$ cat work-v7.txt   # compact mmCIF, C-alpha atoms and all ligand atoms
# COMPACT_ATOMS: atom_id res chain seq x y z
CA MET A 1 0.00 0.00 0.00
CA GLN A 2 1.35 3.45 -0.94
CA SER A 3 2.05 6.00 1.78
CA SER A 4 0.52 9.45 1.35
CA LEU A 5 3.99 10.77 0.57
CA GLU A 6 4.40 8.17 -2.18
CA LYS A 7 1.02 9.06 -3.62
CA LYS A 8 1.82 12.76 -3.50
CA ALA A 9 5.14 12.37 -5.27
CA ASP A 10 4.62 12.49 -9.01
CA LEU A 11 7.36 10.22 -10.29
CA LYS A 12 8.33 11.66 -13.64
CA TYR A 13 11.05 9.11 -14.28
CA SER A 14 12.31 5.88 -12.94
CA VAL A 15 13.96 7.04 -9.74
CA LYS A 16 16.24 4.05 -9.82
CA THR A 17 18.04 5.52 -12.84
CA LEU A 18 18.56 9.00 -11.37
CA LYS A 19 22.10 9.43 -10.12
CA PRO A 20 23.47 12.16 -7.86
CA GLY A 21 25.01 15.03 -9.84
CA PHE A 22 27.25 16.35 -7.09
CA CYS A 23 28.02 15.93 -3.40
CA CYS A 24 29.13 18.56 -0.89
CA ILE A 25 30.25 17.62 2.59
CA GLY A 26 30.26 20.60 4.96
CA ILE A 27 32.74 18.83 7.17
CA VAL A 28 33.01 21.62 9.72
CA ASP A 29 30.88 24.64 10.53
CA THR A 30 33.41 26.99 11.98
CA CYS A 31 36.39 29.05 10.87
CA MET A 32 39.46 30.75 12.31
CA LEU A 33 39.10 33.85 10.13
CA LYS A 34 36.71 36.72 10.81
CA CYS A 35 35.52 37.55 7.31
CA LYS A 36 33.32 40.60 6.90
CA MET A 37 31.26 38.93 4.16
CA CYS A 38 30.74 35.60 5.96
CA GLN A 39 30.00 34.82 9.58
CA LYS A 40 30.79 31.12 9.69
CA TRP A 41 33.09 32.00 12.57
CA LYS A 42 30.07 32.91 14.69
CA GLU A 43 28.26 30.09 16.41
CA ASP A 44 25.44 28.58 14.39
CA PRO A 45 22.48 27.95 16.72
CA GLY A 46 21.42 25.12 14.38
CA THR A 47 24.51 23.05 15.21
CA LYS A 48 25.30 24.28 18.74
CA GLY A 49 25.93 21.41 21.16
CA ILE A 50 25.20 18.71 18.54
CA SER A 51 27.80 15.98 18.08
CA GLN A 52 29.60 15.44 14.78
CA PRO A 53 29.97 12.13 12.95
CA THR A 54 33.04 10.01 13.63
CA ALA A 55 35.57 9.30 10.88
CA GLU A 56 34.12 5.79 10.59
CA GLN A 57 30.59 7.14 10.13
CA TRP A 58 31.82 9.47 7.38
CA LYS A 59 33.52 6.53 5.71
CA VAL A 60 30.35 4.45 5.79
CA PHE A 61 28.53 7.32 4.07
CA ILE A 62 31.26 7.67 1.41
CA ARG A 63 31.25 3.91 0.80
CA GLN A 64 27.47 3.89 0.36
CA LEU A 65 27.57 6.91 -1.93
CA ARG A 66 30.03 5.07 -4.17
CA ASP A 67 27.30 2.53 -4.99
CA LEU A 68 25.12 5.36 -6.33
CA VAL A 69 27.65 7.05 -8.61
CA ASP A 70 30.17 6.38 -11.36
CA ASN A 71 33.92 6.21 -10.99
CA GLY A 72 35.40 9.75 -10.87
CA PHE A 73 32.35 11.34 -9.20
CA GLU A 74 33.48 14.42 -7.27
CA ILE A 75 33.09 14.98 -3.55
CA ASP A 76 33.60 18.58 -2.39
CA PHE A 77 34.78 19.08 1.18
CA GLY A 78 33.91 22.51 2.51
CA GLY A 79 32.92 24.33 5.63
CA GLY A 80 33.69 26.66 7.44
CA GLU A 81 37.36 25.93 6.99
CA ALA A 82 37.56 22.29 5.96
CA LEU A 83 41.20 21.86 7.00
CA MET A 84 40.29 22.62 10.64
CA HIS A 85 38.68 19.18 10.87
CA LYS A 86 41.18 16.53 11.92
CA ASP A 87 39.68 13.85 9.66
CA THR A 88 39.34 15.78 6.40
CA LEU A 89 42.50 14.50 4.71
CA GLU A 90 41.95 10.95 5.97
CA LEU A 91 38.50 11.07 4.34
CA VAL A 92 39.98 12.49 1.14
CA SER A 93 42.40 9.52 0.96
CA TYR A 94 39.59 7.12 1.68
CA ALA A 95 37.38 8.61 -1.04
CA LYS A 96 40.27 8.57 -3.52
CA GLY A 97 40.81 4.88 -2.78
CA LEU A 98 37.20 4.24 -3.79
CA GLY A 99 37.58 6.09 -7.10
CA PHE A 100 36.14 9.52 -6.23
CA ARG A 101 37.59 12.83 -7.35
CA THR A 102 38.08 15.16 -4.39
CA THR A 103 38.09 18.91 -3.91
CA ILE A 104 38.67 21.10 -0.86
CA ALA A 105 37.73 24.77 -0.60
CA SER A 106 40.06 26.49 1.86
CA ASN A 107 41.08 29.92 3.08
CA GLY A 108 44.70 28.68 3.04
CA TYR A 109 45.48 29.87 6.56
CA LEU A 110 46.62 26.46 7.85
CA ILE A 111 48.70 25.48 4.81
CA ASP A 112 52.33 25.65 5.84
CA GLU A 113 54.88 23.37 4.18
CA LYS A 114 54.01 20.39 6.39
CA MET A 115 50.31 20.72 5.69
CA ALA A 116 50.95 21.17 1.95
CA LYS A 117 52.81 17.86 1.89
CA LYS A 118 50.01 16.16 3.81
CA ILE A 119 47.47 17.53 1.33
CA VAL A 120 49.44 16.24 -1.64
CA ASP A 121 50.01 12.88 0.07
CA SER A 122 46.27 12.53 0.65
CA GLY A 123 45.79 12.35 -3.13
CA LEU A 124 43.52 15.40 -3.23
CA ASP A 125 42.72 16.36 -6.84
CA SER A 126 41.85 20.02 -6.42
CA LEU A 127 42.33 22.74 -3.83
CA VAL A 128 40.47 26.02 -4.22
CA LEU A 129 42.05 28.86 -2.24
CA SER A 130 40.32 32.12 -1.39
CA LEU A 131 42.19 35.24 -2.48
CA ASP A 132 40.24 38.45 -2.97
CA SER A 133 43.01 40.86 -3.89
CA LEU A 134 46.71 41.02 -4.74
CA LYS A 135 46.92 43.82 -2.20
CA PRO A 136 47.49 42.03 1.12
CA GLU A 137 45.92 44.89 3.09
CA VAL A 138 42.66 44.53 1.13
CA HIS A 139 42.44 40.74 1.47
CA ASP A 140 43.44 40.75 5.14
CA SER A 141 41.04 43.53 6.00
CA MET A 142 38.09 41.67 4.43
CA ARG A 143 39.21 38.40 6.07
CA GLY A 144 39.52 40.04 9.48
CA VAL A 145 42.96 38.61 10.30
CA SER A 146 46.37 39.95 9.31
CA GLY A 147 48.81 37.82 7.32
CA VAL A 148 46.18 35.73 5.49
CA ALA A 149 47.09 36.85 1.95
CA SER A 150 50.73 36.11 2.55
CA ARG A 151 49.85 32.61 3.78
CA VAL A 152 47.76 31.94 0.67
CA LEU A 153 50.64 32.95 -1.61
CA LYS A 154 53.02 30.71 0.33
CA ALA A 155 50.48 27.86 0.25
CA VAL A 156 50.49 27.93 -3.56
CA LYS A 157 54.31 27.60 -3.59
CA PHE A 158 54.37 24.82 -1.00
CA LEU A 159 51.70 22.82 -2.82
CA ARG A 160 53.52 23.16 -6.15
CA LYS A 161 56.76 22.12 -4.50
CA TYR A 162 55.23 18.73 -3.73
CA SER A 163 53.00 18.26 -6.77
CA ASP A 164 52.81 19.58 -10.30
CA LYS A 165 49.53 17.72 -10.77
CA ILE A 166 47.23 18.99 -8.03
CA HIS A 167 44.76 21.52 -9.41
CA ILE A 168 45.17 24.83 -7.58
CA GLY A 169 42.28 27.22 -8.09
CA ILE A 170 41.82 30.75 -6.80
CA CYS A 171 38.37 31.88 -5.69
CA THR A 172 37.66 35.61 -5.48
CA ILE A 173 34.64 37.49 -4.19
CA ILE A 174 33.36 40.45 -6.16
CA MET A 175 32.66 43.21 -3.63
CA GLU A 176 33.13 46.93 -3.16
CA GLN A 177 36.61 46.66 -1.68
CA THR A 178 37.95 44.16 -4.26
CA LEU A 179 36.33 45.45 -7.45
CA ASP A 180 39.20 47.61 -8.70
CA GLY A 181 41.75 44.81 -8.26
CA LEU A 182 39.83 41.98 -9.96
CA VAL A 183 41.31 42.39 -13.42
CA ASP A 184 44.86 42.47 -12.00
CA LEU A 185 44.10 39.29 -10.07
CA ALA A 186 42.76 37.54 -13.18
CA GLN A 187 45.84 38.69 -15.10
CA TRP A 188 48.16 37.41 -12.37
CA VAL A 189 46.58 33.94 -12.29
CA ASN A 190 46.58 33.74 -16.06
CA SER A 191 50.24 34.63 -16.33
CA ASN A 192 51.28 32.14 -13.64
CA ARG A 193 49.82 29.03 -15.17
CA ASP A 194 52.71 26.89 -13.95
CA GLU A 195 51.51 27.56 -10.40
CA MET A 196 47.74 28.05 -10.61
CA ASN A 197 45.13 26.43 -12.82
CA SER A 198 42.08 28.66 -12.60
CA ILE A 199 40.36 31.64 -11.05
CA LEU A 200 36.67 31.63 -10.18
CA PHE A 201 34.80 34.82 -9.36
CA MET A 202 31.86 34.76 -6.98
CA ALA A 203 29.28 37.45 -6.31
CA ALA A 204 29.05 38.81 -2.75
CA MET A 205 26.09 37.22 -0.96
CA GLN A 206 24.28 37.74 2.30
CA PRO A 207 26.77 36.55 4.96
CA ASN A 208 26.33 33.01 6.28
CA ASN A 209 24.87 32.70 9.77
CA THR A 210 22.92 35.97 9.53
CA GLU A 211 19.16 36.32 9.66
CA VAL A 212 17.71 36.06 6.14
CA LYS A 213 16.67 39.52 4.89
CA ASN A 214 15.65 40.40 1.36
CA ASP A 215 17.17 43.85 1.68
CA TRP A 216 20.38 42.73 3.38
CA TYR A 217 22.51 44.59 0.78
CA GLU A 218 20.87 47.87 1.78
CA ASN A 219 20.52 47.33 5.49
CA GLY A 220 23.05 45.85 7.84
CA HIS A 221 25.51 44.20 5.45
CA ASP A 222 25.91 46.88 2.83
CA HIS A 223 29.55 47.70 3.65
CA PHE A 224 30.85 45.31 0.98
CA TRP A 225 28.04 45.74 -1.56
CA PRO A 226 29.41 47.46 -4.72
CA LYS A 227 28.13 51.02 -4.82
CA ASP A 228 28.80 52.02 -8.41
CA ILE A 229 27.06 49.78 -10.94
CA LYS A 230 28.93 51.43 -13.82
CA ASN A 231 32.20 50.35 -12.25
CA VAL A 232 30.82 46.83 -11.71
CA ASN A 233 29.88 46.62 -15.39
CA ARG A 234 33.21 48.00 -16.53
CA VAL A 235 35.19 45.45 -14.50
CA ILE A 236 32.99 42.47 -15.35
CA ASP A 237 32.96 43.40 -19.04
CA GLU A 238 36.74 43.29 -18.99
CA LEU A 239 36.67 39.87 -17.34
CA ILE A 240 34.22 38.71 -20.03
CA ARG A 241 36.55 40.02 -22.73
CA ARG A 242 39.46 38.14 -21.21
CA ARG A 243 37.37 35.00 -20.77
CA LYS A 244 36.42 35.09 -24.44
CA ASN A 245 40.09 35.51 -25.34
CA GLY A 246 40.97 32.29 -23.56
CA ASP A 247 42.09 33.50 -20.11
CA TRP A 248 41.68 30.89 -17.41
CA ILE A 249 38.53 32.29 -15.83
CA GLY A 250 36.31 29.55 -14.45
CA ASP A 251 33.01 31.45 -14.70
CA SER A 252 31.18 31.19 -18.00
CA VAL A 253 30.26 34.36 -19.88
CA VAL A 254 26.61 33.80 -18.99
CA GLN A 255 27.46 33.58 -15.31
CA LEU A 256 29.48 36.81 -15.49
CA GLU A 257 26.57 38.51 -17.27
CA ALA A 258 24.26 37.23 -14.53
CA PHE A 259 26.53 38.86 -11.92
CA LYS A 260 25.98 42.21 -13.65
CA ALA A 261 22.21 41.77 -13.54
CA TYR A 262 22.39 40.72 -9.89
CA PHE A 263 24.49 43.71 -8.81
CA LYS A 264 22.20 46.03 -10.73
CA ASP A 265 19.10 44.77 -8.95
CA PRO A 266 19.38 41.76 -6.61
CA SER A 267 15.62 41.71 -6.10
CA LYS A 268 15.10 40.84 -9.75
CA PHE A 269 14.47 37.21 -10.40
CA VAL A 270 17.57 35.57 -11.85
CA LYS A 271 16.41 31.98 -12.08
CA LYS A 272 15.12 30.86 -15.45
CA ASN A 273 14.78 27.11 -14.97
CA PRO A 274 14.33 24.90 -11.96
CA CYS A 275 17.60 24.65 -10.07
CA ASN A 276 19.64 21.48 -10.21
CA LEU A 277 19.64 20.65 -6.52
CA ASP A 278 17.28 17.79 -7.26
CA ARG A 279 20.49 15.88 -8.01
CA ALA A 280 22.52 17.15 -5.04
CA VAL A 281 23.68 15.27 -1.98
CA HIS A 282 24.54 17.61 0.88
CA VAL A 283 25.77 16.49 4.26
CA SER A 284 26.21 19.00 7.07
CA SER A 285 28.88 19.04 9.78
CA ILE A 286 26.48 17.27 12.16
CA GLY A 287 25.71 14.54 9.62
CA ASP A 288 22.33 15.71 8.30
CA ILE A 289 21.64 14.57 4.73
CA PHE A 290 19.53 16.71 2.40
CA LEU A 291 19.23 17.84 -1.22
CA CYS A 292 18.47 21.56 -0.70
CA TYR A 293 18.69 22.89 2.87
CA ARG A 294 15.15 24.21 2.50
CA TYR A 295 13.41 20.96 1.61
CA ALA A 296 13.27 17.78 3.67
CA LEU A 297 15.94 16.55 6.00
CA LEU A 298 16.32 12.98 4.69
CA GLY A 299 18.35 11.44 7.49
CA ASN A 300 21.56 11.60 9.48
CA ILE A 301 24.69 9.54 9.00
CA LYS A 302 25.17 9.27 12.78
CA ASN A 303 21.91 7.27 12.94
CA GLY A 304 23.21 4.77 10.42
CA ASP A 305 20.87 6.12 7.73
CA ASP A 306 21.89 4.67 4.38
CA VAL A 307 22.19 7.23 1.58
CA ARG A 308 21.47 4.49 -1.01
CA LYS A 309 18.00 4.08 0.49
CA LEU A 310 17.47 7.76 1.24
CA TRP A 311 18.30 8.76 -2.33
CA TYR A 312 15.45 6.64 -3.70
CA SER A 313 13.02 7.29 -0.84
CA PRO A 314 9.59 8.91 -1.26
CA ALA A 315 10.83 11.78 0.94
CA ALA A 316 13.70 12.45 -1.48
CA GLU A 317 11.34 12.28 -4.43
CA GLN A 318 9.01 14.75 -2.73
CA ALA A 319 11.97 17.05 -2.08
CA ARG A 320 12.84 16.86 -5.80
CA GLN A 321 9.32 17.87 -6.71
CA ASP A 322 9.53 20.78 -4.28
CA ILE A 323 12.92 21.83 -5.64
CA ARG A 324 11.69 21.77 -9.23
CA SER A 325 8.78 24.02 -8.34
CA CYS A 326 10.77 26.28 -5.98
CA LYS A 327 10.12 29.91 -6.90
CA ASP A 328 12.73 31.35 -4.60
CA ASN A 329 14.89 34.11 -6.00
CA CYS A 330 17.84 32.13 -4.78
CA HIS A 331 21.07 34.06 -5.04
CA PHE A 332 23.13 31.02 -4.08
CA LEU A 333 22.53 29.74 -7.59
CA LEU A 334 24.63 32.56 -8.98
CA ASN A 335 27.77 31.15 -7.40
CA CYS A 336 27.16 27.46 -6.98
CA PHE A 337 25.37 24.57 -8.59
CA PHE A 338 26.25 25.90 -11.98
CA GLU A 339 25.84 23.77 -15.10
CA GLY A 340 26.62 25.32 -18.48
CA ASP A 341 24.40 28.30 -19.14
CA TYR A 342 21.89 27.15 -16.57
CA PRO A 343 19.89 28.43 -14.69
CA PHE A 344 20.12 32.16 -15.28
CA SER A 345 17.93 34.55 -17.09
CA VAL A 346 20.12 37.51 -17.93
CA VAL A 347 17.92 40.58 -18.18
CA ALA A 348 19.61 43.91 -18.70
S1 LIG B 401 34.38 33.03 3.92
FE1 LIG B 401 35.54 31.16 4.30
S2 LIG B 401 37.34 31.92 5.40
FE2 LIG B 401 35.80 33.50 5.61
S3 LIG B 401 34.71 33.06 7.56
FE3 LIG B 401 33.57 32.11 5.84
S4 LIG B 401 34.35 30.01 5.82
FE4 LIG B 401 35.86 31.25 6.94
S1 LIG B 402 16.29 27.77 -5.79
FE1 LIG B 402 17.44 27.84 -3.83
S2 LIG B 402 15.92 27.39 -2.23
FE2 LIG B 402 15.05 26.78 -4.22
S3 LIG B 402 15.55 24.61 -4.43
FE3 LIG B 402 17.20 25.73 -5.46
S4 LIG B 402 18.79 26.04 -3.90
FE4 LIG B 402 16.88 25.44 -2.85

$ encode --input "work-v7.txt" --output "structure tokens"
Amino acid sequence: MQSSLEKKADLKYSVKTLKPGFCCIGIVDTCMLKCKMCQKWKEDPGTKGISQPTAEQWKVFIRQLRDLVDNGFEIDFGGGEALMHKDTLELVSYAKGLGFRTTIASNGYLIDEKMAKKIVDSGLDSLVLSLDSLKPEVHDSMRGVSGVASRVLKAVKFLRKYSDKIHIGICTIIMEQTLDGLVDLAQWVNSNRDEMNSILFMAAMQPNNTEVKNDWYENGHDHFWPKDIKNVNRVIDELIRRRKNGDWIGDSVVQLEAFKAYFKDPSKFVKKNPCNLDRAVHVSSIGDIFLCYRYALLGNIKNGDDVRKLWYSPAAEQARQDIRSCKDNCHFLLNCFFEGDYPFSVVA
């Protein structure tokens, strides 16, 4: 007999053939930096006092996930600062041994020579380092701690010393304080291709761990919101020109155009098609499994919940239906979950 949830879910395809498209593990929910555009360093009431999975529980999840996906499927380890978690590199090695590709997003602060060697030895495929400006005073001021930019630059050298294969990406936030240095940064990455492999620009968003407000960029968190839209357009147009000329800029032209529309009027709807989180597997630092944070908590790896069952469950199918009909003007989609020219409607 069908449950009400099963009846409600309109199965448009054979769920048994749907595979996850990507997996993000938010291995830790804290950070040692004090960024002005992110407040991961402040306590999240949603995870306060809740235990985290053990290394063995993470491994069980990774092993189960492997049954759902093809060889070479990518697991992204993020946070907070992923390298603060003692088990991150052990889990990277474990995932590599099972045939996954692995990526870590990091602020670079902990990567001295010893850590760089450990990272390379773990078999990590790709490390994405945050660097918002070539001017150390700008980067450090936005990151709230002095010496961060210098550590990132050293981290690149240390990592290259131990591996010429690991992908090193730079990730840069477009905001008021960084705008005028973005082209120089893109130029620098592009002319140092023996050290770095890519640069990805991201639009400034409402800071993590702050109360959701539609007008956050006007009230409360407007100190890093770009003030002069003409300047935004001028800088992004130059990045687009370079991108078209073959510079190593990770964002597509459509994504860069979408940034312009977003900075011009963030309240304008940017989503054209349903977002692709119906194929996402997210796991939080406390082990919660979900597709989109807004729809249906499917289970928790600390309870022994099996992602192979959860992925095909009526609750997951209902979440997919909800995601496909989600009308949220979701700014996260500008930076993440990006596939080709999807899902933006670029309206001037
Ligand atoms: S942006 Fe990154 S480095 Fe800065 S507080 Fe957030 S998690 Fe930490
Ligand atoms: S648009 Fe945003 S809130 Fe809606 S399903 Fe996608 S990620 Fe979730």

$ residues_near_ligand --input "work-v7.txt" --ligand "ligand LIG 402 (chain B)" --cutoff "9 Å" --atoms "all atoms listed in the file" --output "PDB file with C-alpha atoms, keeping the file's coordinate frame"
ATOM      1  CA  LYS A 271      16.410  31.980 -12.080  1.00  0.00           C
ATOM      2  CA  PRO A 274      14.330  24.900 -11.960  1.00  0.00           C
ATOM      3  CA  CYS A 275      17.600  24.650 -10.070  1.00  0.00           C
ATOM      4  CA  ASN A 276      19.640  21.480 -10.210  1.00  0.00           C
ATOM      5  CA  LEU A 277      19.640  20.650  -6.520  1.00  0.00           C
ATOM      6  CA  ASP A 278      17.280  17.790  -7.260  1.00  0.00           C
ATOM      7  CA  LEU A 291      19.230  17.840  -1.220  1.00  0.00           C
ATOM      8  CA  CYS A 292      18.470  21.560  -0.700  1.00  0.00           C
ATOM      9  CA  TYR A 293      18.690  22.890   2.870  1.00  0.00           C
ATOM     10  CA  ARG A 294      15.150  24.210   2.500  1.00  0.00           C
ATOM     11  CA  TYR A 295      13.410  20.960   1.610  1.00  0.00           C
ATOM     12  CA  ALA A 319      11.970  17.050  -2.080  1.00  0.00           C
ATOM     13  CA  ARG A 320      12.840  16.860  -5.800  1.00  0.00           C
ATOM     14  CA  ASP A 322       9.530  20.780  -4.280  1.00  0.00           C
ATOM     15  CA  ILE A 323      12.920  21.830  -5.640  1.00  0.00           C
ATOM     16  CA  ARG A 324      11.690  21.770  -9.230  1.00  0.00           C
ATOM     17  CA  SER A 325       8.780  24.020  -8.340  1.00  0.00           C
ATOM     18  CA  CYS A 326      10.770  26.280  -5.980  1.00  0.00           C
ATOM     19  CA  LYS A 327      10.120  29.910  -6.900  1.00  0.00           C
ATOM     20  CA  ASP A 328      12.730  31.350  -4.600  1.00  0.00           C
ATOM     21  CA  ASN A 329      14.890  34.110  -6.000  1.00  0.00           C
ATOM     22  CA  CYS A 330      17.840  32.130  -4.780  1.00  0.00           C
ATOM     23  CA  HIS A 331      21.070  34.060  -5.040  1.00  0.00           C
ATOM     24  CA  PHE A 332      23.130  31.020  -4.080  1.00  0.00           C
ATOM     25  CA  LEU A 333      22.530  29.740  -7.590  1.00  0.00           C
ATOM     26  CA  PHE A 337      25.370  24.570  -8.590  1.00  0.00           C
TER      27      PHE A 337
END

$ axis_aligned_box --input "work-v7.txt" --around "ligand LIG 401 (chain B)" --padding-each-side "8 Å" --output "lines of an AutoDock Vina configuration file"
center_x = 35.5
center_y = 31.8
center_z = 5.7
size_x = 19.8
size_y = 19.5
size_z = 19.6

$ closest_residue --input "work-v7.txt" --among "A:Gln177, A:Glu257, A:Leu98, A:Phe263" --to "Glu137 of chain A" --atoms "all atoms listed in the file"
A:Gln177

$ closest_residue --input "work-v7.txt" --among "A:Gln206, A:Asn197, A:Ser51, A:Thr17" --to "ligand LIG 401 (chain B)" --atoms "only C-alpha atoms and all ligand atoms"
A:Gln206

$ closest_residue --input "work-v7.txt" --among "A:Leu18, A:Cys38, A:Val212, A:Leu65" --to "Ala316 of chain A" --atoms "only C-alpha atoms"
A:Leu18

$ residues_near_ligand --input "work-v7.txt" --ligand "ligand LIG 401 (chain B)" --cutoff "9 Å" --atoms "all atoms listed in the file" --output "NGL selection string"
:A and (29-42 or 78-82 or 105-109 or 130 or 142-144 or 207-208)

$ residues_around --input "work-v7.txt" --residues "Val232 of chain A" --least-positions-apart "4" --cutoff "12 Å" --atoms "only C-alpha atoms" --output "list in words"
Ile174, Met175, Glu176, Gln177, Thr178, Leu179, Asp180, Gly181, Leu182, Val183, Ala203, Trp225, Pro226, Lys227, Asp228, Ile236, Asp237, Glu238, Leu239, Leu256, Glu257, Ala258, Phe259, Lys260, Ala261, Tyr262, Phe263 and Lys264 of chain A

$ write_last_selection --input "work-v7.txt" --atoms "C-alpha atoms" --output "PDB file, keeping the file's coordinate frame"
ATOM      1  CA  ILE A 174      33.360  40.450  -6.160  1.00  0.00           C
ATOM      2  CA  MET A 175      32.660  43.210  -3.630  1.00  0.00           C
ATOM      3  CA  GLU A 176      33.130  46.930  -3.160  1.00  0.00           C
ATOM      4  CA  GLN A 177      36.610  46.660  -1.680  1.00  0.00           C
ATOM      5  CA  THR A 178      37.950  44.160  -4.260  1.00  0.00           C
ATOM      6  CA  LEU A 179      36.330  45.450  -7.450  1.00  0.00           C
ATOM      7  CA  ASP A 180      39.200  47.610  -8.700  1.00  0.00           C
ATOM      8  CA  GLY A 181      41.750  44.810  -8.260  1.00  0.00           C
ATOM      9  CA  LEU A 182      39.830  41.980  -9.960  1.00  0.00           C
ATOM     10  CA  VAL A 183      41.310  42.390 -13.420  1.00  0.00           C
ATOM     11  CA  ALA A 203      29.280  37.450  -6.310  1.00  0.00           C
ATOM     12  CA  TRP A 225      28.040  45.740  -1.560  1.00  0.00           C
ATOM     13  CA  PRO A 226      29.410  47.460  -4.720  1.00  0.00           C
ATOM     14  CA  LYS A 227      28.130  51.020  -4.820  1.00  0.00           C
ATOM     15  CA  ASP A 228      28.800  52.020  -8.410  1.00  0.00           C
ATOM     16  CA  ILE A 236      32.990  42.470 -15.350  1.00  0.00           C
ATOM     17  CA  ASP A 237      32.960  43.400 -19.040  1.00  0.00           C
ATOM     18  CA  GLU A 238      36.740  43.290 -18.990  1.00  0.00           C
ATOM     19  CA  LEU A 239      36.670  39.870 -17.340  1.00  0.00           C
ATOM     20  CA  LEU A 256      29.480  36.810 -15.490  1.00  0.00           C
ATOM     21  CA  GLU A 257      26.570  38.510 -17.270  1.00  0.00           C
ATOM     22  CA  ALA A 258      24.260  37.230 -14.530  1.00  0.00           C
ATOM     23  CA  PHE A 259      26.530  38.860 -11.920  1.00  0.00           C
ATOM     24  CA  LYS A 260      25.980  42.210 -13.650  1.00  0.00           C
ATOM     25  CA  ALA A 261      22.210  41.770 -13.540  1.00  0.00           C
ATOM     26  CA  TYR A 262      22.390  40.720  -9.890  1.00  0.00           C
ATOM     27  CA  PHE A 263      24.490  43.710  -8.810  1.00  0.00           C
ATOM     28  CA  LYS A 264      22.200  46.030 -10.730  1.00  0.00           C
TER      29      LYS A 264
END

$ atom_distance --input "work-v7.txt" --atom1 "atom CA of Asn219 of chain A" --atom2 "atom CA of Val148 of chain A"
28.2 Å

$ atom_distance --input "work-v7.txt" --atom1 "atom CA of Asp184 of chain A" --atom2 "atom CA of Cys336 of chain A"
23.7 Å

$ atom_distance --input "work-v7.txt" --atom1 "atom CA of Asp132 of chain A" --atom2 "atom CA of Asp251 of chain A"
15.5 Å

$ closest_residue --input "work-v7.txt" --among "A:Asn245, A:Asp306, A:Lys268, A:Phe22" --to "Asp215 of chain A" --atoms "all atoms listed in the file"
A:Lys268

$ build_atoms --input "work-v7.txt" --residues "segment 173-184 of chain A" --atoms "N, CA and C atoms" --output "compact mmCIF listing (two decimals), in the frame of the given file"
# COMPACT_ATOMS: atom_id res chain seq x y z
N ILE A 173 35.98 36.92 -4.35
CA ILE A 173 34.64 37.49 -4.19
C ILE A 173 34.59 38.90 -4.77
N ILE A 174 33.57 39.12 -5.59
CA ILE A 174 33.36 40.45 -6.16
C ILE A 174 32.62 41.30 -5.12
N MET A 175 33.29 42.32 -4.62
CA MET A 175 32.66 43.21 -3.63
C MET A 175 33.28 44.60 -3.74
N GLU A 176 32.70 45.53 -3.04
CA GLU A 176 33.13 46.93 -3.16
C GLU A 176 34.65 47.08 -3.02
N GLN A 177 35.20 46.45 -2.00
CA GLN A 177 36.61 46.66 -1.68
C GLN A 177 37.55 45.97 -2.67
N THR A 178 37.05 44.93 -3.39
CA THR A 178 37.95 44.16 -4.26
C THR A 178 37.80 44.52 -5.74
N LEU A 179 36.72 45.22 -6.05
CA LEU A 179 36.33 45.45 -7.45
C LEU A 179 37.49 45.95 -8.32
N ASP A 180 38.17 46.98 -7.85
CA ASP A 180 39.20 47.61 -8.70
C ASP A 180 40.44 46.73 -8.89
N GLY A 181 40.58 45.67 -8.09
CA GLY A 181 41.75 44.81 -8.26
C GLY A 181 41.45 43.50 -8.97
N LEU A 182 40.21 43.30 -9.41
CA LEU A 182 39.83 41.98 -9.96
C LEU A 182 40.54 41.66 -11.27
N VAL A 183 40.68 42.65 -12.12
CA VAL A 183 41.31 42.39 -13.42
C VAL A 183 42.80 42.04 -13.21
N ASP A 184 43.45 42.78 -12.30
CA ASP A 184 44.86 42.47 -12.00
C ASP A 184 45.00 41.04 -11.47
